[in-house]
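Next comes query23.cif, a file with mmCIF, C-alpha atoms.
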```cif
data_model
#
loop_
_atom_site.label_atom_id
_atom_site.label_comp_id
_atom_site.auth_asym_id
_atom_site.auth_seq_id
_atom_site.Cartn_x
_atom_site.Cartn_y
_atom_site.Cartn_z
CA MET A 1 -56.40 -40.01 -51.10
CA GLY A 2 -53.20 -40.56 -53.13
CA VAL A 3 -52.53 -36.80 -53.28
CA PHE A 4 -53.12 -36.54 -49.53
CA SER A 5 -50.63 -39.36 -48.87
CA LYS A 6 -47.94 -37.71 -51.00
CA LYS A 7 -48.40 -34.43 -49.12
CA ASN A 8 -48.19 -36.24 -45.79
CA MET A 9 -45.12 -38.08 -46.98
CA LYS A 10 -43.38 -34.79 -47.73
CA TYR A 11 -44.09 -33.60 -44.18
CA VAL A 12 -42.87 -36.90 -42.75
CA VAL A 13 -39.61 -36.67 -44.71
CA LEU A 14 -39.15 -33.03 -43.66
CA PHE A 15 -39.80 -33.91 -40.02
CA PHE A 16 -37.24 -36.72 -40.01
CA THR A 17 -34.68 -34.55 -41.81
CA ILE A 18 -34.96 -31.85 -39.11
CA PHE A 19 -34.89 -34.52 -36.39
CA LEU A 20 -31.69 -36.03 -37.75
CA LEU A 21 -30.06 -32.61 -38.08
CA LEU A 22 -30.91 -31.79 -34.46
CA LEU A 23 -29.66 -35.18 -33.34
CA GLY A 24 -26.40 -34.61 -35.17
CA CYS A 25 -25.91 -31.24 -33.49
CA GLY A 26 -26.57 -32.81 -30.12
CA ASN A 27 -24.00 -35.52 -30.77
CA GLN A 28 -21.42 -32.95 -31.84
CA GLN A 29 -22.06 -30.95 -28.67
CA ALA A 30 -21.73 -34.10 -26.57
CA GLU A 31 -18.44 -34.92 -28.31
CA LYS A 32 -17.12 -31.43 -27.55
CA GLN A 33 -18.00 -31.83 -23.88
CA THR A 34 -16.37 -35.24 -23.56
CA ASP A 35 -13.23 -34.27 -25.53
CA GLY A 36 -12.14 -31.75 -22.86
CA LYS A 37 -11.53 -34.13 -19.97
CA GLU A 38 -11.26 -32.64 -16.50
CA ILE A 39 -7.66 -32.25 -15.34
CA GLU A 40 -6.54 -31.66 -11.75
CA ILE A 41 -3.16 -30.08 -10.94
CA THR A 42 -1.78 -29.89 -7.40
CA VAL A 43 0.78 -27.18 -6.67
CA SER A 44 2.82 -27.05 -3.46
CA ALA A 45 4.02 -23.48 -2.97
CA ALA A 46 5.73 -21.24 -0.44
CA ALA A 47 3.19 -19.51 1.81
CA SER A 48 4.36 -16.07 0.67
CA LEU A 49 2.91 -16.80 -2.79
CA THR A 50 -0.65 -17.33 -1.53
CA ASP A 51 -2.33 -14.15 -2.75
CA ALA A 52 -0.57 -13.91 -6.11
CA LEU A 53 -1.15 -17.56 -7.03
CA GLN A 54 -4.84 -17.43 -6.15
CA GLU A 55 -5.32 -14.59 -8.63
CA ILE A 56 -3.19 -16.33 -11.26
CA LYS A 57 -5.28 -19.48 -10.84
CA ASP A 58 -8.50 -17.56 -11.51
CA ASN A 59 -7.05 -16.04 -14.68
CA TYR A 60 -5.76 -19.37 -15.91
CA ARG A 61 -9.04 -21.14 -15.17
CA ALA A 62 -10.92 -18.56 -17.27
CA GLU A 63 -9.00 -19.71 -20.36
CA ASN A 64 -8.68 -23.39 -19.36
CA SER A 65 -12.04 -24.35 -17.89
CA ASN A 66 -11.22 -28.06 -17.85
CA VAL A 67 -8.18 -27.55 -15.56
CA THR A 68 -8.69 -27.35 -11.79
CA ILE A 69 -5.70 -26.19 -9.75
CA TYR A 70 -5.31 -27.04 -6.07
CA PHE A 71 -2.75 -25.33 -3.84
CA ASN A 72 -0.89 -26.61 -0.81
CA PHE A 73 0.79 -23.62 0.87
CA GLY A 74 3.39 -23.85 3.62
CA GLY A 75 7.05 -23.61 4.55
CA SER A 76 9.22 -24.73 1.63
CA GLY A 77 11.20 -27.23 3.70
CA ALA A 78 8.08 -28.93 5.00
CA LEU A 79 6.65 -29.07 1.47
CA GLN A 80 9.86 -30.63 0.17
CA GLN A 81 9.64 -33.33 2.83
CA GLN A 82 6.03 -34.07 1.88
CA ILE A 83 7.03 -34.49 -1.77
CA GLU A 84 9.90 -36.79 -0.82
CA ARG A 85 7.44 -38.97 1.07
CA GLY A 86 5.23 -39.33 -1.98
CA ALA A 87 2.65 -36.56 -1.60
CA PRO A 88 0.61 -36.31 -4.86
CA VAL A 89 2.09 -33.06 -6.14
CA ASP A 90 2.56 -31.93 -9.76
CA LEU A 91 4.44 -28.66 -9.36
CA PHE A 92 6.61 -27.21 -6.58
CA ILE A 93 7.39 -23.50 -6.09
CA SER A 94 9.93 -22.97 -3.33
CA ALA A 95 11.20 -19.82 -1.62
CA SER A 96 14.73 -21.26 -1.70
CA LYS A 97 16.77 -23.00 -4.40
CA SER A 98 18.11 -25.58 -1.94
CA TYR A 99 14.81 -27.46 -1.69
CA ILE A 100 14.37 -27.74 -5.46
CA GLU A 101 18.00 -28.81 -5.81
CA ALA A 102 17.52 -31.53 -3.18
CA LEU A 103 14.57 -32.95 -5.12
CA ALA A 104 16.49 -32.73 -8.39
CA GLN A 105 19.36 -34.73 -6.90
CA GLN A 106 16.89 -37.50 -6.11
CA GLY A 107 15.42 -37.43 -9.63
CA ILE A 108 12.05 -36.21 -8.37
CA ILE A 109 12.41 -33.02 -10.43
CA ALA A 110 14.20 -33.11 -13.78
CA GLU A 111 17.07 -30.68 -14.36
CA ASP A 112 15.43 -29.31 -17.53
CA GLU A 113 12.01 -28.86 -15.89
CA GLN A 114 12.92 -26.20 -13.35
CA THR A 115 13.76 -22.50 -13.47
CA THR A 116 14.09 -19.43 -11.25
CA LEU A 117 10.69 -17.76 -11.33
CA LEU A 118 10.84 -14.78 -8.94
CA THR A 119 12.90 -12.82 -6.43
CA ASN A 120 11.95 -11.05 -3.19
CA GLU A 121 13.32 -8.89 -0.35
CA LEU A 122 13.52 -9.39 3.41
CA THR A 123 11.94 -6.82 5.72
CA VAL A 124 11.30 -6.32 9.42
CA ILE A 125 7.74 -5.32 10.28
CA THR A 126 5.91 -3.96 13.31
CA ALA A 127 2.23 -3.34 13.98
CA ALA A 128 0.94 -0.40 11.94
CA ASP A 129 0.24 1.72 15.06
CA ASP A 130 3.39 0.71 16.95
CA LYS A 131 5.48 3.75 17.91
CA THR A 132 8.70 1.81 18.54
CA THR A 133 11.51 3.00 16.29
CA ILE A 134 13.32 0.06 14.72
CA GLN A 135 15.73 0.98 11.95
CA ASP A 136 18.22 -1.90 11.85
CA VAL A 137 18.95 -5.28 13.46
CA ASN A 138 20.69 -3.62 16.43
CA ASP A 139 17.41 -1.98 17.46
CA LEU A 140 15.96 -5.45 18.10
CA LEU A 141 18.18 -5.55 21.22
CA ARG A 142 16.24 -2.72 22.83
CA THR A 143 14.29 -3.54 26.01
CA GLU A 144 10.94 -2.47 24.51
CA VAL A 145 11.30 -5.26 21.96
CA SER A 146 10.37 -8.36 23.97
CA ASN A 147 9.73 -10.83 21.13
CA VAL A 148 10.82 -11.16 17.49
CA ALA A 149 9.07 -13.63 15.17
CA ILE A 150 10.89 -15.53 12.43
CA GLY A 151 10.08 -18.67 10.47
CA ILE A 152 11.67 -21.91 11.66
CA PRO A 153 15.13 -21.58 10.05
CA GLU A 154 15.39 -25.29 9.26
CA THR A 155 12.18 -25.44 7.21
CA VAL A 156 11.14 -21.86 6.41
CA PRO A 157 13.40 -19.96 3.98
CA ALA A 158 12.37 -16.57 5.38
CA GLY A 159 13.49 -17.80 8.79
CA LYS A 160 16.80 -18.99 7.38
CA TYR A 161 17.36 -15.60 5.74
CA ALA A 162 16.41 -13.84 9.00
CA LYS A 163 18.92 -15.89 10.99
CA GLU A 164 21.61 -15.15 8.39
CA ALA A 165 20.87 -11.41 8.69
CA LEU A 166 21.01 -11.47 12.48
CA GLN A 167 24.26 -13.44 12.43
CA HIS A 168 25.75 -11.08 9.87
CA GLY A 169 24.78 -8.15 12.11
CA ASN A 170 26.46 -9.90 15.07
CA VAL A 171 23.26 -9.84 17.15
CA TRP A 172 21.96 -13.42 16.80
CA GLU A 173 23.25 -14.64 20.17
CA ASP A 174 21.77 -11.64 21.98
CA VAL A 175 18.43 -11.73 20.14
CA GLU A 176 18.00 -15.52 20.20
CA SER A 177 16.24 -15.52 23.59
CA LYS A 178 13.58 -13.20 22.13
CA ILE A 179 12.92 -15.34 19.06
CA ILE A 180 9.44 -16.80 18.52
CA GLN A 181 9.49 -19.36 15.70
CA ALA A 182 6.61 -19.75 13.25
CA LYS A 183 5.64 -22.57 10.86
CA ASP A 184 5.74 -20.23 7.84
CA VAL A 185 6.09 -16.58 6.92
CA ARG A 186 2.32 -15.97 7.00
CA GLN A 187 2.24 -17.02 10.64
CA VAL A 188 4.98 -14.47 11.38
CA LEU A 189 2.78 -11.84 9.73
CA GLN A 190 -0.16 -12.94 11.88
CA TYR A 191 1.90 -12.71 15.09
CA VAL A 192 2.78 -9.10 14.29
CA GLU A 193 -0.76 -8.21 13.19
CA THR A 194 -2.16 -9.50 16.50
CA LYS A 195 0.65 -7.82 18.49
CA ASN A 196 1.84 -11.07 20.02
CA VAL A 197 5.34 -9.92 19.06
CA GLU A 198 6.84 -6.48 18.58
CA ALA A 199 8.64 -7.29 15.35
CA GLY A 200 8.91 -9.99 12.71
CA PHE A 201 10.97 -10.91 9.66
CA VAL A 202 8.86 -11.35 6.52
CA TYR A 203 9.22 -10.85 2.79
CA LYS A 204 8.37 -7.47 1.31
CA THR A 205 5.41 -9.09 -0.46
CA ASP A 206 3.92 -10.26 2.84
CA ALA A 207 4.41 -6.86 4.43
CA LEU A 208 2.56 -5.21 1.54
CA SER A 209 -0.36 -7.64 1.83
CA SER A 210 -1.58 -6.30 5.19
CA ASP A 211 -2.66 -2.84 6.34
CA LYS A 212 -2.21 -3.95 9.96
CA VAL A 213 1.58 -3.82 9.73
CA ARG A 214 4.25 -1.43 8.49
CA ILE A 215 7.76 -1.99 7.24
CA ALA A 216 10.16 -0.84 9.95
CA PHE A 217 13.15 -1.36 7.65
CA THR A 218 14.28 -3.35 4.65
CA VAL A 219 17.16 -5.64 5.56
CA ASP A 220 20.43 -4.95 3.74
CA PRO A 221 20.54 -7.55 0.89
CA SER A 222 24.22 -8.20 1.62
CA PHE A 223 23.22 -9.65 5.01
CA TYR A 224 21.58 -12.76 3.56
CA THR A 225 21.52 -15.15 0.60
CA PRO A 226 19.62 -13.75 -2.43
CA ILE A 227 15.93 -14.68 -2.19
CA GLU A 228 14.96 -16.67 -5.26
CA TYR A 229 11.80 -18.65 -5.98
CA PRO A 230 12.48 -21.62 -8.25
CA VAL A 231 9.66 -23.66 -9.78
CA GLY A 232 9.99 -27.32 -10.74
CA VAL A 233 7.76 -29.97 -12.31
CA ILE A 234 7.45 -33.25 -10.42
CA HIS A 235 8.79 -35.92 -12.77
CA SER A 236 6.10 -38.49 -11.91
CA SER A 237 3.16 -36.16 -12.61
CA ALA A 238 0.25 -38.02 -14.23
CA ASN A 239 -0.84 -35.00 -16.29
CA LYS A 240 2.55 -33.92 -17.57
CA GLN A 241 1.35 -32.02 -20.64
CA GLU A 242 -1.13 -29.87 -18.72
CA VAL A 243 1.35 -29.32 -15.88
CA MET A 244 4.01 -28.18 -18.35
CA GLU A 245 1.49 -25.77 -19.88
CA PHE A 246 0.79 -24.21 -16.46
CA TYR A 247 4.55 -24.18 -15.71
CA THR A 248 5.05 -22.18 -18.92
CA TYR A 249 2.12 -19.88 -18.12
CA LEU A 250 3.66 -18.98 -14.73
CA GLN A 251 6.61 -17.51 -16.65
CA SER A 252 4.40 -15.55 -19.06
CA GLU A 253 4.09 -11.77 -19.16
CA GLU A 254 0.48 -12.03 -17.96
CA ALA A 255 1.36 -14.07 -14.87
CA MET A 256 4.47 -12.00 -14.15
CA SER A 257 2.40 -8.80 -14.11
CA ILE A 258 0.31 -10.30 -11.31
CA PHE A 259 3.38 -11.39 -9.34
CA LYS A 260 4.79 -7.86 -9.64
CA LYS A 261 1.52 -6.38 -8.45
CA TYR A 262 2.06 -8.24 -5.18
CA GLY A 263 5.64 -7.00 -4.84
CA PHE A 264 7.69 -9.79 -6.41
CA SER A 265 10.37 -9.15 -9.01
CA ALA A 266 11.45 -11.08 -12.07
CA PRO A 267 14.96 -12.59 -12.01
CA GLY A 268 17.59 -10.00 -12.90
CA GLU A 269 15.43 -6.99 -12.11
#
```

Do you think you could lay out the structure here as structure tokens?
Amino acid sequence: MGVFSKKNMKYVVLFFTIFLLLLGCGNQQAEKQTDGKEIEITVSAAASLTDALQEIKDNYRAENSNVTIYFNFGGSGALQQQIERGAPVDLFISASKSYIEALAQQGIIAEDEQTTLLTNELTVITAADDKTTIQDVNDLLRTEVSNVAIGIPETVPAGKYAKEALQHGNVWEDVESKIIQAKDVRQVLQYVETKNVEAGFVYKTDALSSDKVRIAFTVDPSFYTPIEYPVGVIHSSANKQEVMEFYTYLQSEEAMSIFKKYGFSAPGE
């Protein structure tokens, strides 16, 4: 009986040893899961960045599974106004430096937490099967061109650049009656795709995103202010460390290769 008890005792000790080891592993796993707290980052960005940023988000998420990124796309001016009114935003990517500068002047974005991220070009597009020949801004005066879509110049940078180009070409006053204003550059693209207008001013990147349109001509860069996309971190962000990490990633070679795939250029190129 004594021998039997000793043998049983050995099994009991072995059982509890394995149990404790398994319990320890479970606790370590639980600690690993709770260490990586879920972080949410909200990015307000110019509508022209939609496709590129969605792909960048997927790549970033693959390496940072605890970070969820939400996008709010629209006209840069409207996005700036939302941020000024207290919208819960962590990062702002504008299609014009003026909107970032306005927020920096108010202390909403710190001077050392902003940089020029990308550049772009302005183009005039028509429907892919449209036979109308449009080679410069003067051709927009032709009778077969009834409507021309541009973003609202006061809130949509692409619209501001379009107005500058038309004024520089001395045709703004004559074309103004044909102008159809859109809430952002993607709506201009949609108007041309659906043939609600004969022509529209969009960025090169937007033109390349659709097989329903073609580039009629690229606007002479001297006709408008250089198109730059600055990015800035909102000073009051609750997750500053993670936001700064994503801010840095947007400037990385990996992210830049995606931006270039969609037609953007790096500053100075």

Query - Nearest-residue call for Ser237 of chain A, choices A:Gly169, A:Gly200, A:Pro88, A:Gly151, using all atoms listed in the file - result: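 Using all atoms listed in the file, the shortest distance to Ser237 of chain A belongs to A:Pro88.
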
Query raised in the report: For the atom pair atom CA of Asn147 of chain A and atom CA of Ser210 of chain A, what is the interatomic distance in Å to one decimal place?
Result: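 Separation between atom CA of Asn147 of chain A and atom CA of Ser210 of chain A: 20.1 Å.
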
Report task. Would you mind telling me which residue in A:Ser76, A:Gln241, A:Gln135, A:Thr116 lies nearest to Glu40 of chain A when using all atoms listed in the file? Result ->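 Using all atoms listed in the file, Glu40 of chain A sits closest to A:Gln241.
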
Query - Residues within 9 Å of Lys195 of chain A, only C-alpha atoms, excluding chain neighbours under 5 positions, as a list in words - result: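 Surrounding residues, per the criterion: Thr126, Ala127 and Gln190 of chain A.
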
Report, as lines of an AutoDock Vina configuration file, the axis-aligned box around all atoms of segment 249-261 of chain A present in the file, extended by 6 Å on each side; give centre and edge lengths in Å to one decimal place.
```
center_x = 3.5
center_y = -13.1
center_z = -13.8
size_x = 18.3
size_y = 25.5
size_z = 22.7
```

Ref. answer, residues at most 10 Å from (3.8, -8.3, -10.1) with all atoms listed in the file, as a short mmCIF file (atom, residue, chain, number, x, y, z; two decimals) with C-alpha atoms, in the coordinates of the input:
```cif
data_model
loop_
_atom_site.label_atom_id
_atom_site.label_comp_id
_atom_site.auth_asym_id
_atom_site.auth_seq_id
_atom_site.Cartn_x
_atom_site.Cartn_y
_atom_site.Cartn_z
CA ALA A 52 -0.57 -13.91 -6.11
CA LEU A 118 10.84 -14.78 -8.94
CA THR A 205 5.41 -9.09 -0.46
CA GLU A 253 4.09 -11.77 -19.16
CA GLU A 254 0.48 -12.03 -17.96
CA ALA A 255 1.36 -14.07 -14.87
CA MET A 256 4.47 -12.00 -14.15
CA SER A 257 2.40 -8.80 -14.11
CA ILE A 258 0.31 -10.30 -11.31
CA PHE A 259 3.38 -11.39 -9.34
CA LYS A 260 4.79 -7.86 -9.64
CA LYS A 261 1.52 -6.38 -8.45
CA TYR A 262 2.06 -8.24 -5.18
CA GLY A 263 5.64 -7.00 -4.84
CA PHE A 264 7.69 -9.79 -6.41
CA SER A 265 10.37 -9.15 -9.01
CA ALA A 266 11.45 -11.08 -12.07
#
```

Requested in this report: Provide the atom CA of Asp58 of chain A to atom CA of Leu117 of chain A distance in Å, to one decimal place.
Outcome: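 Going from atom CA of Asp58 of chain A over to atom CA of Leu117 of chain A covers 19.2 Å.
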
Requested in this report: Would you translate the PyMOL selection byres ((chain A and resi 177-189) around 8) into the concrete set of residues it matches in this file, as a ChimeraX atom specification?
Outcome: /A:47-48,74-75,146-152,156,158-159,173-176,190-193,200-203,206-207

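Taking atom CA of Gln114 of chain A and atom CA of Asp51 of chain A as endpoints, the distance between them is 22.1 Å.
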
Report task. Starting from the shown file, work through the PyMOL selection byres ((chain A and resi 132) around 10) and note down what comes out as a PyMOL selection string. Result -> chain A and resi 126-127+129-131+133-135+139+142+144-145+198-199+216

Report summary line: One residue among A:Ala78, A:Ile100, A:Val137, A:Ile93 is nearest to Val43 of chain A when using all atoms listed in the file, and that residue is A:Ile93

Query raised in the report: In terms of the shortest atom-to-atom distance over only C-alpha atoms, which of A:Glu269, A:Glu55, A:Glu121, A:Glu84 is closest to Ala102 of chain A?
Result: A:Glu84

**Report entry** Nearest to Lys212 of chain A by atom-to-atom distance, counting all atoms listed in the file, from A:Ala104, A:Leu49, A:Ile125, A:Ile109
**Finding:**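 For Lys212 of chain A, the nearest of the given residues is A:Ile125.
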
Query raised in the report: Nearest to Pro157 of chain A: which of A:Thr218, A:Asn196, A:Gln105, A:Ser98 is it, counting all atoms listed in the file?
Result: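 Closest to Pro157 of chain A of all the choices is A:Ser98.
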
Requested in this report: Name all residues at most 9 Å from Lys57 of chain A (count all atoms listed in the file; drop same-chain ones fewer than 5 positions away) and give them as a PyMOL selection string.
Outcome: chain A and resi 52+62+68-70

Query raised in the report: Just so the selection is clear, what residues does the PyMOL selection byres ((chain A and resi 108) around 12) cover here, as a ChimeraX atom specification?
Result: /A:80-81,83-92,99-107,109-114,232-237

Query raised in the report: Once you count only C-alpha atoms, which residues end up no further than 8 Å from (21.0, -9.8, 8.2) in the file's frame, shown as number ranges by chain?
Result: A: 137, 161-169, 219-224

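If you count all atoms listed in the file and ignore residues fewer than 3 places along the chain from Phe73 of chain A, what sits within 6 Å of it is A:Ser44, A:Ala45, A:Ala46, A:Ala47.
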
Query - Residue neighbourhood Asp211 of chain A, 8 Å, all atoms listed in the file, exclusion window fewer than 3 positions, as number ranges by chain - result: A: 128, 208, 214

Please supply segment 234-269 of chain A, rebuilt with N, CA and C atoms, as a CSV table (one decimal), in the frame of the given file.
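part_2.csv was written with the following content:
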```csv
chain,number,residue,atom,x,y,z
A,234,ILE,N,7.2,-31.9,-11.0
A,234,ILE,CA,7.4,-33.2,-10.4
A,234,ILE,C,7.5,-34.3,-11.6
A,235,HIS,N,8.6,-35.0,-11.6
A,235,HIS,CA,8.8,-35.9,-12.8
A,235,HIS,C,7.7,-37.0,-13.0
A,236,SER,N,7.1,-37.4,-11.9
A,236,SER,CA,6.1,-38.5,-11.9
A,236,SER,C,4.7,-38.0,-12.1
A,237,SER,N,4.5,-36.7,-12.4
A,237,SER,CA,3.2,-36.2,-12.6
A,237,SER,C,2.4,-36.9,-13.6
A,238,ALA,N,1.1,-37.2,-13.3
A,238,ALA,CA,0.2,-38.0,-14.2
A,238,ALA,C,-0.3,-37.2,-15.4
A,239,ASN,N,-0.3,-35.9,-15.2
A,239,ASN,CA,-0.8,-35.0,-16.3
A,239,ASN,C,0.3,-34.1,-16.8
A,240,LYS,N,1.3,-34.7,-17.3
A,240,LYS,CA,2.6,-33.9,-17.6
A,240,LYS,C,2.3,-32.8,-18.6
A,241,GLN,N,1.6,-33.1,-19.6
A,241,GLN,CA,1.4,-32.0,-20.6
A,241,GLN,C,0.7,-30.8,-20.1
A,242,GLU,N,-0.4,-31.0,-19.3
A,242,GLU,CA,-1.1,-29.9,-18.7
A,242,GLU,C,-0.3,-29.2,-17.6
A,243,VAL,N,0.5,-29.9,-16.9
A,243,VAL,CA,1.4,-29.3,-15.9
A,243,VAL,C,2.4,-28.5,-16.5
A,244,MET,N,3.0,-29.0,-17.6
A,244,MET,CA,4.0,-28.2,-18.4
A,244,MET,C,3.4,-26.9,-18.9
A,245,GLU,N,2.2,-27.0,-19.3
A,245,GLU,CA,1.5,-25.8,-19.9
A,245,GLU,C,1.3,-24.7,-18.8
A,246,PHE,N,0.9,-25.2,-17.6
A,246,PHE,CA,0.8,-24.2,-16.5
A,246,PHE,C,2.2,-23.7,-16.0
A,247,TYR,N,3.2,-24.6,-16.0
A,247,TYR,CA,4.6,-24.2,-15.7
A,247,TYR,C,5.0,-23.1,-16.6
A,248,THR,N,4.7,-23.2,-17.9
A,248,THR,CA,5.0,-22.2,-18.9
A,248,THR,C,4.3,-20.9,-18.7
A,249,TYR,N,3.0,-21.1,-18.4
A,249,TYR,CA,2.1,-19.9,-18.1
A,249,TYR,C,2.6,-19.0,-16.9
A,250,LEU,N,3.2,-19.7,-15.9
A,250,LEU,CA,3.7,-19.0,-14.7
A,250,LEU,C,4.8,-18.0,-15.1
A,251,GLN,N,5.5,-18.3,-16.2
A,251,GLN,CA,6.6,-17.5,-16.6
A,251,GLN,C,6.2,-16.5,-17.7
A,252,SER,N,4.9,-16.5,-18.0
A,252,SER,CA,4.4,-15.6,-19.1
A,252,SER,C,4.3,-14.1,-18.6
A,253,GLU,N,4.2,-13.2,-19.5
A,253,GLU,CA,4.1,-11.8,-19.2
A,253,GLU,C,2.8,-11.5,-18.3
A,254,GLU,N,1.7,-12.2,-18.7
A,254,GLU,CA,0.5,-12.0,-18.0
A,254,GLU,C,0.6,-12.4,-16.5
A,255,ALA,N,1.2,-13.6,-16.3
A,255,ALA,CA,1.4,-14.1,-14.9
A,255,ALA,C,2.4,-13.2,-14.1
A,256,MET,N,3.4,-12.8,-14.8
A,256,MET,CA,4.5,-12.0,-14.2
A,256,MET,C,3.9,-10.6,-13.7
A,257,SER,N,3.0,-10.1,-14.5
A,257,SER,CA,2.4,-8.8,-14.1
A,257,SER,C,1.6,-8.9,-12.8
A,258,ILE,N,1.0,-10.1,-12.6
A,258,ILE,CA,0.3,-10.3,-11.3
A,258,ILE,C,1.3,-10.5,-10.2
A,259,PHE,N,2.4,-11.2,-10.4
A,259,PHE,CA,3.4,-11.4,-9.3
A,259,PHE,C,3.9,-10.0,-8.9
A,260,LYS,N,4.2,-9.2,-9.9
A,260,LYS,CA,4.8,-7.9,-9.6
A,260,LYS,C,3.8,-7.0,-8.9
A,261,LYS,N,2.5,-7.2,-9.2
A,261,LYS,CA,1.5,-6.4,-8.4
A,261,LYS,C,1.6,-6.6,-6.9
A,262,TYR,N,2.0,-7.9,-6.6
A,262,TYR,CA,2.1,-8.2,-5.2
A,262,TYR,C,3.4,-8.0,-4.6
A,263,GLY,N,4.3,-7.4,-5.4
A,263,GLY,CA,5.6,-7.0,-4.8
A,263,GLY,C,6.8,-7.9,-5.2
A,264,PHE,N,6.6,-8.9,-6.0
A,264,PHE,CA,7.7,-9.8,-6.4
A,264,PHE,C,8.4,-9.1,-7.6
A,265,SER,N,9.6,-9.6,-7.9
A,265,SER,CA,10.4,-9.2,-9.0
A,265,SER,C,10.7,-10.3,-9.9
A,266,ALA,N,11.0,-10.0,-11.2
A,266,ALA,CA,11.4,-11.1,-12.1
A,266,ALA,C,13.0,-11.2,-11.9
A,267,PRO,N,13.5,-12.4,-12.2
A,267,PRO,CA,15.0,-12.6,-12.0
A,267,PRO,C,15.7,-11.5,-12.8
A,268,GLY,N,16.8,-11.0,-12.2
A,268,GLY,CA,17.6,-10.0,-12.9
A,268,GLY,C,17.1,-8.6,-12.8
A,269,GLU,N,15.9,-8.4,-12.2
A,269,GLU,CA,15.4,-7.0,-12.1
A,269,GLU,C,15.9,-6.3,-10.8
```
